[in-house]
Every structure is written in C-alpha cells, then in structure tokens.
Amino acid sequence: MPRVSQDHLDARRRQILDAARTCFARYGYEGATVRRLEAATGLSRGAIFHHFDDKESLFLALAQQDARRMAEVVADEGLVQVMRDVVGGAGGPGPAEWLSTRLEVTRRMRTDPDFRQRWAQHSAELTAATRARLDRQRSAGKVRDDVSLQVLGGYLELVLEGVLAHLATGLPADDLMPVLDLVEATVRRDGQRD
C-alpha cells in the first residue's frame, strides 16, 4: 500500500476543517451531524475521523484555529480589531463562522466543566495577548495610564462578549463600527484611533 505524503494529509485536514467550519456555522454544533459533515466535506466518516477522533475534536480544532488567529490579530492590531473582523468579516473567516464558533465555545464552557478546563489554556492565550498588546501600547504612550491594564483588558473582553451577543441575537452589524471606534477611543490616551 503506497504511503500518503504529509502534504496530502495536511491538505486533507485543511479541507475537512474548511468544510466543517461552514457546516458548524450553518447548523450549529448539535445540528452538524456526521451525515452533514460527510456531505459538506464530500468525504466518508472514516476519512473525516481518520484525522479527528470525533466531532468534538473536529470542533475543538476549529475553535483552536480561531483562537490562534484572534491572538495573532490582538498581538498585531489589538482586541478591537478582532471585534472589527468579527463584525466585518475582514482578515479571516467571515463573521458568521467566527461568531458560531465563539458562541459554541461560550455555551460549552458554561455547560461542560471538562470542556471549560480543556479550553482554559486557549482563553488564557487571548487574554495574555491582549495584556501584552496593551502594555506595549502604554509604553509607547498610546494607551491611557489612569486605569490598570487588567481593567482595560477586562473592559475590552467584556465588549467583545457584548459584540458577540449582539450579533448572536440577529441585531444588525451595521451600527457596530462607530461603537467600536468609541470603544477604541476610550482606551487610547488621547481618545483617538490610530
């Protein structure tokens, strides 16, 4: 039996993740049945679960991918930019995909202690990236210094959760960009966006 190259395995894994992202976004975690995942990927359950132990592992891989991408955006551009990306769909998965993944992570954290424990490391990475970015911005004189970085980071994380809740309820995203401008201005030393 011929060996399959690592490049081929990596490409197949990306194919599964991309199709599963769309399936989870369309149907939610519970509604993304194995049959729907097969239809979305064009692969058999054996092919899908050769790469992932089960549906939860597949979902967790997507959520981890999003968390890493969000941490990268935070490190480079700040948490408000993550919110802009979620609202506008720029720089990565569109808002529906990030939104559905993040909302499912939030739900599972609330209802599944084992998942909450497994996810804690990824949550801590985003918080650490936010704090590091704020610290760099403060050192550069761009972030207000009358409030602790812990409070500023907590404030931004709460706003992110509010943005997600706003979008999850089906409220329009059109009016959120000026709100995010205001949020960014409240964190800045001079009250202005970069």
# chains A, B, ... in the order shown; residues from 1 in each chain; ligands from 1
$ residues_around --residues "Ile48 in chain A" --least-positions-apart "3" --cutoff "9 Å" --atoms "only C-alpha atoms" --output "list of chain:residue names"
A:Arg12, A:Arg13, A:Ile16, A:Leu37, A:Glu38, A:Thr41, A:Leu43, A:Ser44, A:Arg45, A:His51, A:Phe52, A:Asp53, A:Asp54, A:Leu58
$ write_last_selection --atoms "all heavy atoms" --output "tab-separated table (two decimals), in the first residue's frame"
chain	number	residue	atom	x	y	z
A	12	ARG	N	-5.72	17.43	3.22
A	12	ARG	CA	-7.00	16.79	3.53
A	12	ARG	C	-7.55	17.32	4.86
A	12	ARG	O	-8.73	17.61	4.98
A	12	ARG	CB	-6.79	15.27	3.59
A	12	ARG	CG	-8.01	14.45	3.96
A	12	ARG	CD	-9.21	14.64	3.02
A	12	ARG	NE	-8.94	14.46	1.64
A	12	ARG	CZ	-9.11	13.34	0.94
A	12	ARG	NH1	-9.58	12.27	1.52
A	12	ARG	NH2	-8.84	13.30	-0.34
A	13	ARG	N	-6.69	17.51	5.82
A	13	ARG	CA	-7.11	18.05	7.13
A	13	ARG	C	-7.68	19.46	6.95
A	13	ARG	O	-8.71	19.79	7.52
A	13	ARG	CB	-5.92	18.03	8.10
A	13	ARG	CG	-6.27	18.47	9.50
A	13	ARG	CD	-5.04	18.34	10.41
A	13	ARG	NE	-5.22	19.02	11.65
A	13	ARG	CZ	-5.78	18.49	12.73
A	13	ARG	NH1	-6.21	17.25	12.70
A	13	ARG	NH2	-5.90	19.19	13.83
A	16	ILE	N	-11.10	19.30	5.39
A	16	ILE	CA	-12.11	18.90	6.38
A	16	ILE	C	-12.45	20.07	7.28
A	16	ILE	O	-13.63	20.37	7.53
A	16	ILE	CB	-11.62	17.68	7.19
A	16	ILE	CG1	-11.50	16.46	6.29
A	16	ILE	CG2	-12.55	17.41	8.38
A	16	ILE	CD1	-10.74	15.29	6.92
A	37	LEU	N	-21.69	16.55	8.01
A	37	LEU	CA	-20.25	16.75	7.85
A	37	LEU	C	-19.74	15.97	6.63
A	37	LEU	O	-18.89	16.47	5.88
A	37	LEU	CB	-19.50	16.33	9.12
A	37	LEU	CG	-19.66	17.28	10.31
A	37	LEU	CD1	-19.14	16.62	11.58
A	37	LEU	CD2	-18.96	18.60	10.05
A	38	GLU	N	-20.26	14.77	6.42
A	38	GLU	CA	-19.88	13.99	5.24
A	38	GLU	C	-20.29	14.73	3.96
A	38	GLU	O	-19.50	14.83	3.01
A	38	GLU	CB	-20.56	12.62	5.26
A	38	GLU	CG	-19.99	11.65	6.27
A	38	GLU	CD	-20.78	10.36	6.34
A	38	GLU	OE1	-22.03	10.39	6.32
A	38	GLU	OE2	-20.13	9.30	6.41
A	41	THR	N	-18.04	17.90	3.47
A	41	THR	CA	-16.65	17.64	3.10
A	41	THR	C	-16.52	16.82	1.82
A	41	THR	O	-15.47	16.83	1.19
A	41	THR	CB	-15.93	16.87	4.23
A	41	THR	OG1	-16.58	15.62	4.44
A	41	THR	CG2	-15.87	17.68	5.51
A	43	LEU	N	-16.52	13.67	1.97
A	43	LEU	CA	-15.72	12.54	2.42
A	43	LEU	C	-16.57	11.63	3.31
A	43	LEU	O	-17.57	12.06	3.88
A	43	LEU	CB	-14.51	13.03	3.22
A	43	LEU	CG	-13.54	13.94	2.48
A	43	LEU	CD1	-12.54	14.54	3.45
A	43	LEU	CD2	-12.83	13.17	1.37
A	44	SER	N	-16.12	10.40	3.46
A	44	SER	CA	-16.80	9.46	4.34
A	44	SER	C	-16.45	9.77	5.79
A	44	SER	O	-15.46	10.45	6.07
A	44	SER	CB	-16.36	8.03	4.02
A	44	SER	OG	-15.01	7.85	4.42
A	45	ARG	N	-17.27	9.24	6.70
A	45	ARG	CA	-16.97	9.44	8.12
A	45	ARG	C	-15.61	8.85	8.48
A	45	ARG	O	-14.89	9.40	9.30
A	45	ARG	CB	-18.09	8.90	9.00
A	45	ARG	CG	-18.20	7.42	9.07
A	45	ARG	CD	-19.37	6.94	9.91
A	45	ARG	NE	-20.60	7.47	9.38
A	45	ARG	CZ	-21.63	7.85	10.13
A	45	ARG	NH1	-21.60	7.70	11.41
A	45	ARG	NH2	-22.70	8.36	9.58
A	51	HIS	N	-8.67	11.79	10.67
A	51	HIS	CA	-7.93	12.99	11.04
A	51	HIS	C	-8.33	13.55	12.40
A	51	HIS	O	-7.56	14.29	13.01
A	51	HIS	CB	-8.11	14.07	9.96
A	51	HIS	CG	-7.51	13.67	8.65
A	51	HIS	ND1	-6.20	13.89	8.35
A	51	HIS	CD2	-8.05	13.03	7.58
A	51	HIS	CE1	-5.94	13.42	7.14
A	51	HIS	NE2	-7.05	12.90	6.65
A	52	PHE	N	-9.53	13.24	12.84
A	52	PHE	CA	-10.06	13.76	14.10
A	52	PHE	C	-10.73	12.60	14.84
A	52	PHE	O	-11.42	11.79	14.23
A	52	PHE	CB	-11.08	14.88	13.83
A	52	PHE	CG	-10.48	16.02	13.06
A	52	PHE	CD1	-10.59	16.06	11.68
A	52	PHE	CD2	-9.79	17.03	13.71
A	52	PHE	CE1	-10.02	17.10	10.95
A	52	PHE	CE2	-9.22	18.07	12.99
A	52	PHE	CZ	-9.33	18.10	11.62
A	53	ASP	N	-10.54	12.56	16.16
A	53	ASP	CA	-11.09	11.45	16.94
A	53	ASP	C	-12.61	11.38	16.89
A	53	ASP	O	-13.19	10.31	16.84
A	53	ASP	CB	-10.65	11.53	18.40
A	53	ASP	CG	-9.16	11.26	18.56
A	53	ASP	OD1	-8.56	10.65	17.66
A	53	ASP	OD2	-8.60	11.68	19.59
A	54	ASP	N	-13.25	12.56	16.92
A	54	ASP	CA	-14.70	12.62	16.95
A	54	ASP	C	-15.14	14.04	16.58
A	54	ASP	O	-14.29	14.89	16.27
A	54	ASP	CB	-15.24	12.23	18.34
A	54	ASP	CG	-14.58	12.99	19.48
A	54	ASP	OD1	-14.11	14.14	19.27
A	54	ASP	OD2	-14.53	12.46	20.60
A	58	LEU	N	-12.99	17.66	16.17
A	58	LEU	CA	-13.05	18.47	14.96
A	58	LEU	C	-13.45	19.91	15.29
A	58	LEU	O	-12.80	20.87	14.86
A	58	LEU	CB	-14.04	17.85	13.97
A	58	LEU	CG	-14.33	18.60	12.68
A	58	LEU	CD1	-13.06	18.88	11.90
A	58	LEU	CD2	-15.31	17.80	11.83
$ residues_around --residues "Pro178 in chain A" --least-positions-apart "3" --cutoff "12 Å" --atoms "only C-alpha atoms" --output "JSON, numbers by chain"
{"A": [80, 83, 84, 87, 173, 174, 175, 181, 182, 183, 184, 185, 193]}
$ closest_atom_pairs --of "range 50-106 of chain A" --to "range 129-142 of chain A" --cutoff "8 Å" --atoms "only C-alpha atoms" --output "JSON lines"
{"residue": "A:Ala71", "atom": "CA", "partner": "A:Ala129", "partner_atom": "CA", "distance": 5.8}
{"residue": "A:Glu72", "atom": "CA", "partner": "A:Ala129", "partner_atom": "CA", "distance": 7.9}
{"residue": "A:Val74", "atom": "CA", "partner": "A:Thr130", "partner_atom": "CA", "distance": 5.9}
{"residue": "A:Ala75", "atom": "CA", "partner": "A:Ala129", "partner_atom": "CA", "distance": 5.6}
{"residue": "A:Asp76", "atom": "CA", "partner": "A:Arg133", "partner_atom": "CA", "distance": 7.7}
{"residue": "A:Gly78", "atom": "CA", "partner": "A:Arg133", "partner_atom": "CA", "distance": 6.4}
{"residue": "A:Leu79", "atom": "CA", "partner": "A:Thr130", "partner_atom": "CA", "distance": 6.4}
$ atom_distance --atom1 "CA of Gln150 in chain A" --atom2 "CA of Arg102 in chain A"
22.2 Å
$ atom_distance --atom1 "CA of Arg116 in chain A" --atom2 "CA of Ala61 in chain A"
14.9 Å
$ select_by_dssp --residues "chain A" --states "alpha helix (DSSP H)" --output "VMD selection string"
chain A and resid 6 to 31 34 to 41 45 to 51 55 to 77 79 to 88 95 to 111 113 to 139 149 to 168 176 to 187
$ atom_distance --atom1 "CA of His50 in chain A" --atom2 "CA of Thr101 in chain A"
22.3 Å
$ residues_around --residues "Glu161 in chain A" --least-positions-apart "5" --cutoff "12 Å" --atoms "only C-alpha atoms" --output "list in words"
Leu79, Val80, Val82, Met83, Val86, Leu99, Arg102, Leu103, Val105, Thr106, Gly154, Tyr155, Leu156, His166, Leu167 and Ala168 of chain A
$ closest_residue --among "A:Arg118, A:Arg108, A:Arg21, A:Arg189" --to "Arg144 in chain A" --atoms "only C-alpha atoms"
A:Arg189
$ decode --residues "range 108-136 of chain A" --atoms "C-alpha atoms" --output "short mmCIF file (atom, residue, chain, number, x, y, z; two decimals), in the first residue's frame"
data_model
loop_
_atom_site.label_atom_id
_atom_site.label_comp_id
_atom_site.auth_asym_id
_atom_site.auth_seq_id
_atom_site.Cartn_x
_atom_site.Cartn_y
_atom_site.Cartn_z
CA ARG A 108 -19.88 24.64 26.12
CA MET A 109 -17.80 26.47 28.72
CA ARG A 110 -20.98 27.28 30.62
CA THR A 111 -22.44 23.77 30.46
CA ASP A 112 -19.47 21.37 30.24
CA PRO A 113 -16.82 21.53 33.02
CA ASP A 114 -14.47 19.20 31.13
CA PHE A 115 -14.61 21.38 28.02
CA ARG A 116 -14.14 24.51 30.17
CA GLN A 117 -10.98 23.01 31.63
CA ARG A 118 -9.65 21.98 28.18
CA TRP A 119 -10.41 25.43 26.77
CA ALA A 120 -8.86 27.42 29.63
CA GLN A 121 -5.40 27.46 28.02
CA HIS A 122 -6.73 28.96 24.78
CA SER A 123 -8.71 31.57 26.66
CA ALA A 124 -5.61 32.47 28.66
CA GLU A 125 -3.62 32.92 25.42
CA LEU A 126 -6.07 35.54 24.14
CA THR A 127 -6.06 37.33 27.50
CA ALA A 128 -2.24 37.27 27.59
CA ALA A 129 -2.02 38.62 24.03
CA THR A 130 -4.45 41.41 24.94
CA ARG A 131 -2.48 42.37 28.06
CA ALA A 132 0.84 42.28 26.19
CA ARG A 133 -0.55 44.49 23.41
CA LEU A 134 -1.95 46.97 25.95
CA ASP A 135 1.38 47.02 27.78
CA ARG A 136 3.28 47.75 24.55
#
